[in-house]
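S.K.: Below are the structure tokens for one structure; questions will follow.
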Amino acid sequence: MLYWLWLVPAVPFAGFLILVLAGRRLGRAGTAVVGVGSIAVATAIAFAIVPPFLALPGPDRVFTQTLWTWMRIGDFTPTVGLRLDALSLVMMLVVTGVSVLIHLYSSAFMDGDEGYARFFSYMNLFVGSMLVLVLADNLLLLYLGWEGVGLCSYLLIGFWYRDPVNANAGRKAFIVTRVGDTALAIGLFLIATHLGTLDIQLLMARAAAAWAPGSALPIAAAALLLGGAVGKSAQLPLQTWLPDAMAGPTPVSALIHAATMVTAGVYLIARTHVLFALAPPVQFAVAVVGAATLLLAGCSALTQRDIKRVLAYSTISQIGYMFLALGVGAWSAAIFHFMTHAFFKALLFLGAGVVIIEMHEEHDMFEMGGLRRDLPVTFWTFLIGSASLAAVPLVTAGFYSKDLILFDTWSSAAGGPWLWLAGLVGALLTSLYTFRMVFVTFFGERHRAPAGRAGWRMTLPLVVLAVLAIVAGFVELPPTLGDKPYFTGFLLPVLPAVAAIPARALDLGRLQIAAGLVSLAGIYVSWLLYGGRRATVTALMRHPSALVTRRFWFAGWGFDWLYDHVFVRPVVWFAFADRHDVVDRIYDGLAWSSRAGWRALSATETGRIRAYAAGVTIGAIIITTIVIWT
Amino acid sequence: MGAVPLAHGLVVAALLFGLGLLGVLVRRNLIFILLSIEVMLNAAGLAFVIAGARWGQADGQVMFLFILATAAAEVAVGLALALQFYRRLGSLDADAAAALRG
Amino acid sequence: MPATFYAAAVVAVAATALAISRKNAVHGLLYLIVSLLAVALMFFAVGAEFVAALEVIIYAGAIMVLFVFVMMLLNLGPQSVAQERRWLPRRIWAGPLVLTAVLIAELIYGLASAGPTPAGAAIATAIDPLHVGVALFGPYAAAVEIASMLLLAGLIGAYHLGRSPGERS
């Protein structure tokens with residue numbers, strides 16, 4: 001059964017091929033069957049693999065499957081090999097599980113779109129690439145999956161490419177992530193050159209043996225990998241593409257830009273955690289990046305009007321939490337938060353998709369309102385997702401994962417009170433903007449009637465994800481609440497535990513109370529501000545400094561403006577100034593001189609025999625002259 | 001019986017050759033061009049025969065025979081071409097066949 | 001027989017000059033026959049009787065007859081003489097004359113300045129046909145074969161080229 005592992009990424013690829021080659025002939029129903037079915041089969045296989053995997057002996061269960069050797073260049077023999085361990089198993093299950101729900105949802109959401117088959121072919125390609133990414137046993141194959149998901153992200157953001165705005169958003173996402181991907185590629189070259197392998201386990205063993213902690217090489221390698229992770233996971237300073245990526249269809253945002261692809265950076269860092277542990281400055285940078293991103297994105301999320309952009313900034317902010325966890329060495333906490341986030345953020349995006357469809361493609365929350373009676377299923381599931389995102393204590397999955405991150409940040413030797421404080425403020429912001437979104441969308445005045453288009457295929461995934469958004473947290477109960485750390489225990493063979501300072505670990509109870517209170521306080525404040533007639537907010541917004549701040553945050557702290565002025569415009573200016581390429585002059589000159597030579601020579605071709613004979617005679621004279629006078 | 005210096009014989013050959021060349025350069029009539037080529041071939045043969053006589057060898061005359069054969073083949077093909085030329089272009093003007101102009 | 005040689009040489013050069021400058025092709029052809037006969041006489045004067053005979057029979061005979069046949073086929077009348085007059089204005093001679101004069105001058109200079117050894121005399125000793133035949137079918141047998149192939153190719157080529165445009169074999 002374990003040997004079926006290769007089928008997990010292969011089935012979505014097969015679905016992609018079928019849809020690409022025969023998509024037009026399949027019809028709508030056929031496309032949906034192939035598109036959703038292939039993912040369902042892959043998911044079924046992925047879950048069927050779990051029991052035999054758990055039956056493997058030993059605490060560090062590992063199953064590797066080498067499919068073939070990719071290329072053989074001297075000692076450098078990267079294989080196409082899959083590696084299933086606790087970490088990749090969790091990733092695989094989350095990816096396939098969320099994917100199948102989102103695909104089912106998409107089959108209804110995209111109904112009536114002329115690119116139905118194209119959409120599912122891209123989505124299948126994406127799922128296949130993502131599975132290659134998480135299952136790869138070496139960094140080269142991981143990089144293939146990494147670029148594959150990037151390509152699908154580009155294709156799906158610009159899915160409705162007839163609108164130039166969408167196409168530009170796709171390009172922006174592709175180019176900005178390309179910055180990080182370039183860093184990642186250089187990092188891979190560095191590692192391959194110095195360690196002679198890209199096999200992840202071998203690489204980590206060799207790195208730990210060959211490189212001293214804190215020396216230059218691991219710092220450079222880890223920093224370059226971090227660059228790749230930052231680009232893919234939309235962290236500071238490469239976060240600007242994700243809000244614009246909301247131009248894609250909503251299921252795409254749910255699958256790619258919330259649940260799976262954007263967390264690839266988190267996975268990469270967790271996968272190569274040995275490298276980061278060898279480079280403490282970089283690891284600290286990861287934490288700082290995470291903390292800064294979660295605060296900045298949280299502030300921006302507070303000011304958005306577009307429901308999807310709120311969720312986009314929220315995603316950036318939540319991935320910031322994961323980076324914070326990675327930065328303090330709480331590897332499994334990051335993966336735990338990845339999992340719960342995948343559930344509740346996919347749920348929120350899908351809920352938002354329902355709302356948008358019911359509101360006739362309206363994205364502005366302030367044009368909605370009062371939907372809780374019209375869309376009860378959506379409202380309750382969305383509420384559960386929001387509660388999970390806001391980390392409402394005890395009952396939601398988000399509480400357990402975020403609480404673990406905050407606690408580890410506080411207690412870890414690599415963390416500290418300041419990072420913890422950033423996380424706590426971020427938690428306040430999270431519950432503020434989340435429930436601002438809930439109150440504005442579902443409460444208050446009703447602006448327009450819903451279209452009533454959402455069928456069971458759209459609500460079923462919502463319900464399933466809502467259940468997961470609650471129960472997924474119970475796999476990791478902190479010491480104060482039952483002390484059942486199944487999740488971290490399961491990941492322990494792959495991801496080591498946090499190096500905690502014992503004295504700080506005693507503060508757990510107090511920290512949890514603080515976090516819970518902050519979450520509830522955020523909800524209460526947002527009820528005060530947005531629950532009723534919003535008089536306070538309106539008054540607050542009149543203040544000039546508030547206005548300026550709001551504008552600044554709305555624009556994502558001006559990063560777009562900054563990059564536009566620092567990078568885009570100079571490049572565009574230079575390209576315009578050099579539109580008649582200087583280097584081209586040389587080649588133009590070559591072309592001109594050969595054309596002139598052609599003209600001169602072709603003038604001698606008169607077509608007259610006598611002229612040719614005269615030429616021969618002149619040649620004879622010259623040769624005779626040479627013969628006689630030399 | 002006196003002897004003709006080799007140089008004199010070769011000078012005569014050179015003169016004949018030059019006249020043939022002049023004819024090729026000047027005439028536009030294809031028949032005259034062919035005729036001039038005959039003169040040049042003949043001059044070359046003369047040079048061979050004179051040189052062969054100078055050394056008392058038969059090779060010069062053998063070469064003349066080959067030139068004769070070449071001239072015969074050349075004239076046959078050349079005159080056939082001239083006939084075809086006249087049929088197609090209606091004149092023997094060598095300059096009329098300028099389709100190869102660059 | 002140097003006197004014969006020089007006399008024949010003068011005739012040959014003069015007849016050739018006239019041959020290439022005639023307006024009427026038939027006249028030019030006749031002058032060329034005179035020139036060829038003179039060259040044959042020169043061959044005879046240096047003792048190459050065999051090639052002298054061949055020069056008369058094949059060059060002045062066969063090849064020139066071929067020319068005459070073609071001219072008959074082309075039916076060149078008085079209008080072609082007028083045409084030649086148009087084609088040959090006086091100024092057209094200048095350039096080719098200079099070129100050929102330079103070439104001939106160079107050749108003569110080269111011959112005059114050559115050392116004594118090659119500039120010996122052409123002994124008027126007869127090289128009889130026997131020697132020529134022995135050389136031809138001895139060391140030069142392969143060349144004879146090649147020449148025969150050349151003649152065959154010339155024959156086929158002339159046959160092919162000489163057909164009327166509409167004619168199919």
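By convention here, the chains of the structure tokens are called A, B, ... in the order presented, each chain's residues are numbered starting at 1, and ligands are numbered starting at 1 in the order presented.
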In region 234-365 of chain A, what's alpha helix (DSSP H) per DSSP? Answer as an MDAnalysis selection string?

M.R.: chainID A and resid 241:244 250:254 264:271 273:277 280:303 307:327 331:358

S.K.: Using only C-alpha atoms, which residues sit within 7 Å of region 8-25 of chain B once same-chain residues fewer than 5 positions away are excluded, as an mmCIF file with N, CA and C atoms, in the first residue's frame?

M.R.:
```
data_model
loop_
_atom_site.group_PDB
_atom_site.id
_atom_site.type_symbol
_atom_site.label_atom_id
_atom_site.label_comp_id
_atom_site.auth_asym_id
_atom_site.auth_seq_id
_atom_site.Cartn_x
_atom_site.Cartn_y
_atom_site.Cartn_z
ATOM 1 N N ARG A 610 30.641 39.913 -71.707
ATOM 2 C CA ARG A 610 31.876 40.635 -72.036
ATOM 3 C C ARG A 610 32.468 41.288 -70.803
ATOM 4 N N ALA A 613 34.226 38.644 -69.040
ATOM 5 C CA ALA A 613 35.480 38.347 -69.740
ATOM 6 C C ALA A 613 36.524 39.409 -69.432
ATOM 7 N N ALA A 614 36.077 40.669 -69.368
ATOM 8 C CA ALA A 614 37.007 41.752 -69.019
ATOM 9 C C ALA A 614 37.552 41.530 -67.622
ATOM 10 N N ILE B 33 32.090 35.798 -81.013
ATOM 11 C CA ILE B 33 32.718 35.436 -79.730
ATOM 12 C C ILE B 33 33.235 34.002 -79.810
ATOM 13 N N SER B 36 36.297 33.937 -81.864
ATOM 14 C CA SER B 36 37.469 34.457 -81.153
ATOM 15 C C SER B 36 38.006 33.422 -80.184
ATOM 16 N N ILE B 37 37.070 32.658 -79.586
ATOM 17 C CA ILE B 37 37.527 31.608 -78.662
ATOM 18 C C ILE B 37 38.336 30.566 -79.445
ATOM 19 N N VAL B 39 40.163 31.182 -81.971
ATOM 20 C CA VAL B 39 41.486 31.792 -82.176
ATOM 21 C C VAL B 39 42.360 31.591 -80.958
ATOM 22 N N MET B 40 41.752 31.815 -79.760
ATOM 23 C CA MET B 40 42.549 31.685 -78.537
ATOM 24 C C MET B 40 43.005 30.241 -78.337
ATOM 25 N N ALA B 43 45.772 29.537 -80.674
ATOM 26 C CA ALA B 43 47.024 30.165 -80.233
ATOM 27 C C ALA B 43 47.684 29.324 -79.164
ATOM 28 N N ALA B 44 46.862 28.799 -78.242
ATOM 29 C CA ALA B 44 47.426 27.948 -77.197
ATOM 30 C C ALA B 44 48.061 26.711 -77.823
ATOM 31 N N LEU B 46 49.273 26.473 -80.783
ATOM 32 C CA LEU B 46 50.511 26.902 -81.447
ATOM 33 C C LEU B 46 51.668 26.943 -80.463
ATOM 34 N N ALA B 47 51.392 27.513 -79.272
ATOM 35 C CA ALA B 47 52.440 27.600 -78.251
ATOM 36 C C ALA B 47 52.934 26.210 -77.882
ATOM 37 N N ILE B 50 55.104 24.777 -80.814
ATOM 38 C CA ILE B 50 56.408 25.437 -80.912
ATOM 39 C C ILE B 50 57.329 24.926 -79.815
ATOM 40 N N ALA C 9 53.638 33.817 -90.048
ATOM 41 C CA ALA C 9 53.251 34.477 -88.800
ATOM 42 C C ALA C 9 52.594 35.807 -89.090
ATOM 43 N N VAL C 13 48.715 36.723 -88.116
ATOM 44 C CA VAL C 13 48.310 37.822 -87.237
ATOM 45 C C VAL C 13 47.396 38.776 -87.986
ATOM 46 N N THR C 16 43.977 37.191 -88.615
ATOM 47 C CA THR C 16 43.192 37.106 -87.384
ATOM 48 C C THR C 16 42.622 38.467 -87.029
ATOM 49 N N ALA C 17 43.477 39.506 -87.149
ATOM 50 C CA ALA C 17 43.013 40.852 -86.829
ATOM 51 C C ALA C 17 41.839 41.217 -87.712
ATOM 52 N N ILE C 20 38.527 39.116 -86.681
ATOM 53 C CA ILE C 20 37.720 39.524 -85.521
ATOM 54 C C ILE C 20 37.090 40.889 -85.696
ATOM 55 N N PRO C 96 39.027 47.342 -74.407
ATOM 56 C CA PRO C 96 39.581 46.013 -74.681
ATOM 57 C C PRO C 96 40.961 46.082 -75.298
ATOM 58 N N LEU C 97 41.174 47.073 -76.185
ATOM 59 C CA LEU C 97 42.498 47.197 -76.797
ATOM 60 C C LEU C 97 43.563 47.426 -75.751
ATOM 61 N N THR C 100 44.128 44.153 -73.703
ATOM 62 C CA THR C 100 44.890 43.131 -74.422
ATOM 63 C C THR C 100 46.306 43.584 -74.674
ATOM 64 N N ILE C 104 49.511 41.461 -73.701
ATOM 65 C CA ILE C 104 50.507 41.017 -74.696
ATOM 66 C C ILE C 104 51.875 41.583 -74.367
ATOM 67 N N LEU C 107 53.358 39.617 -71.694
ATOM 68 C CA LEU C 107 53.808 38.309 -72.157
ATOM 69 C C LEU C 107 55.124 38.431 -72.930
ATOM 70 N N ILE C 108 55.169 39.411 -73.818
ATOM 71 C CA ILE C 108 56.389 39.583 -74.617
ATOM 72 C C ILE C 108 57.559 39.968 -73.730
#
```

S.K.: Dump as CSV the rows for residues of chain B within 6 Å of chain C: closest atom pair and distance in Å with one decimal, only C-alpha atoms counted, ordered by chain and rising residue number.

M.R.:
```
residue,atom,partner,partner_atom,distance
B:Met1,CA,C:Met1,CA,5.6
B:Gly2,CA,C:Met1,CA,5.9
B:Ala3,CA,C:Ile123,CA,5.3
B:Val4,CA,C:Ala122,CA,5.3
B:Pro5,CA,C:Ala121,CA,3.9
B:Leu6,CA,C:Ala121,CA,4.9
B:Ala7,CA,C:Ala119,CA,5.6
B:Gly18,CA,C:Thr100,CA,5.6
B:Leu22,CA,C:Pro96,CA,5.8
B:Gly23,CA,C:Ile20,CA,5.4
B:Leu25,CA,C:Pro96,CA,5.8
B:Ala53,CA,C:Ala122,CA,5.3
B:Arg54,CA,C:Ala122,CA,3.9
B:Ala58,CA,C:Val132,CA,5.1
B:Ala73,CA,C:Gly154,CA,4.7
B:Ala76,CA,C:Ala158,CA,5.7
B:Val77,CA,C:Ala158,CA,4.6
B:Ala80,CA,C:Gly162,CA,4.8
```

S.K.: Give me the residues of chain B that have any atom at most 9 Å from an atom of chain A; for each, the nearest atom pair and the distance in Å, rounded to one decimal. Use only C-alpha atoms, sort by chain and number, and format it as CSV.

M.R.:
```
residue,atom,partner,partner_atom,distance
B:Leu21,CA,A:Thr617,CA,8.2
B:Val24,CA,A:Arg610,CA,6.9
B:Leu25,CA,A:Arg610,CA,5.3
B:Val26,CA,A:Arg610,CA,7.4
B:Arg27,CA,A:Arg610,CA,8.2
B:Arg28,CA,A:Arg610,CA,7.9
B:Ala94,CA,A:Ile609,CA,6.8
B:Asp95,CA,A:Arg608,CA,5.2
B:Ala96,CA,A:Arg608,CA,8.1
B:Ala97,CA,A:Gly607,CA,7.0
B:Ala98,CA,A:Gly607,CA,4.1
B:Ala99,CA,A:Gly607,CA,6.2
B:Leu100,CA,A:Gly607,CA,4.8
B:Arg101,CA,A:Gly607,CA,4.1
B:Gly102,CA,A:Ser602,CA,4.7
```

S.K.: Please save N, CA and C atoms of the selected residues as a PDB file, in the first residue's frame.

M.R.:
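For reference, result.pdb as written:
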```
ATOM      1  N   LEU B  21      41.399  37.304 -77.591  1.00  0.00           N
ATOM      2  CA  LEU B  21      40.840  37.921 -76.379  1.00  0.00           C
ATOM      3  C   LEU B  21      40.147  39.234 -76.720  1.00  0.00           C
ATOM      4  N   VAL B  24      36.806  38.548 -78.112  1.00  0.00           N
ATOM      5  CA  VAL B  24      35.817  38.197 -77.082  1.00  0.00           C
ATOM      6  C   VAL B  24      35.338  39.440 -76.375  1.00  0.00           C
ATOM      7  N   LEU B  25      36.282  40.361 -76.091  1.00  0.00           N
ATOM      8  CA  LEU B  25      35.915  41.555 -75.318  1.00  0.00           C
ATOM      9  C   LEU B  25      35.070  42.522 -76.129  1.00  0.00           C
ATOM     10  N   VAL B  26      35.342  42.585 -77.398  1.00  0.00           N
ATOM     11  CA  VAL B  26      34.724  43.647 -78.188  1.00  0.00           C
ATOM     12  C   VAL B  26      33.398  43.223 -78.798  1.00  0.00           C
ATOM     13  N   ARG B  27      33.344  41.991 -79.327  1.00  0.00           N
ATOM     14  CA  ARG B  27      32.185  41.636 -80.133  1.00  0.00           C
ATOM     15  C   ARG B  27      30.964  41.337 -79.273  1.00  0.00           C
ATOM     16  N   ARG B  28      29.817  41.705 -79.817  1.00  0.00           N
ATOM     17  CA  ARG B  28      28.572  41.353 -79.145  1.00  0.00           C
ATOM     18  C   ARG B  28      27.899  40.176 -79.827  1.00  0.00           C
ATOM     19  N   ALA B  94      24.931  39.047 -77.344  1.00  0.00           N
ATOM     20  CA  ALA B  94      25.314  38.440 -76.070  1.00  0.00           C
ATOM     21  C   ALA B  94      24.785  39.254 -74.894  1.00  0.00           C
ATOM     22  N   ASP B  95      24.684  40.569 -75.068  1.00  0.00           N
ATOM     23  CA  ASP B  95      24.214  41.420 -73.968  1.00  0.00           C
ATOM     24  C   ASP B  95      22.731  41.256 -73.699  1.00  0.00           C
ATOM     25  N   ALA B  96      22.015  40.646 -74.672  1.00  0.00           N
ATOM     26  CA  ALA B  96      20.579  40.468 -74.453  1.00  0.00           C
ATOM     27  C   ALA B  96      20.331  39.422 -73.376  1.00  0.00           C
ATOM     28  N   ALA B  97      21.298  38.497 -73.204  1.00  0.00           N
ATOM     29  CA  ALA B  97      21.130  37.469 -72.179  1.00  0.00           C
ATOM     30  C   ALA B  97      21.683  37.988 -70.861  1.00  0.00           C
ATOM     31  N   ALA B  98      20.931  38.934 -70.274  1.00  0.00           N
ATOM     32  CA  ALA B  98      21.413  39.553 -69.040  1.00  0.00           C
ATOM     33  C   ALA B  98      20.535  39.187 -67.857  1.00  0.00           C
ATOM     34  N   ALA B  99      19.876  38.024 -67.930  1.00  0.00           N
ATOM     35  CA  ALA B  99      18.961  37.645 -66.848  1.00  0.00           C
ATOM     36  C   ALA B  99      19.695  37.381 -65.544  1.00  0.00           C
ATOM     37  N   LEU B 100      20.995  37.175 -65.610  1.00  0.00           N
ATOM     38  CA  LEU B 100      21.758  36.904 -64.375  1.00  0.00           C
ATOM     39  C   LEU B 100      22.221  38.183 -63.698  1.00  0.00           C
ATOM     40  N   ARG B 101      21.717  39.349 -64.187  1.00  0.00           N
ATOM     41  CA  ARG B 101      22.169  40.601 -63.576  1.00  0.00           C
ATOM     42  C   ARG B 101      21.792  40.626 -62.095  1.00  0.00           C
ATOM     43  N   GLY B 102      22.733  41.068 -61.256  1.00  0.00           N
ATOM     44  CA  GLY B 102      22.518  41.041 -59.804  1.00  0.00           C
ATOM     45  C   GLY B 102      21.640  42.182 -59.333  1.00  0.00           C
TER      46      GLY B 102
END
```

S.K.: So which residues touch region 320-329 of chain A within 7 Å, counting only C-alpha atoms, skipping near sequence neighbours fewer than 3 positions away, as a list of chain:residue names?

M.R.: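 Residues meeting the cut-off are A:Gln235, A:Val266, A:Gln283, A:Phe284, A:Val286, A:Ala287, A:Val288, A:Gly290, A:Ala291, A:Thr293, A:Leu294, A:Ile316, A:Ser317, A:Ala333, A:Ala334, A:His337, A:Phe338, A:Ile405, A:Thr409, A:Ser412, A:Ala414, A:Gly415, A:Val498.
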
S.K.: Give me, as a count of residues only, the contact residues of chain A against chain C at a cut-off of 9 Å, counting only C-alpha atoms.

M.R.: 8

S.K.: Calculated over only C-alpha atoms, which of the candidates A:Tyr116, A:Phe63, A:Phe13, A:Phe399 has the smallest distance to Arg83 (chain A)?

M.R.: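 Among the listed residues, the smallest separation from Arg83 (chain A) belongs to A:Phe63.
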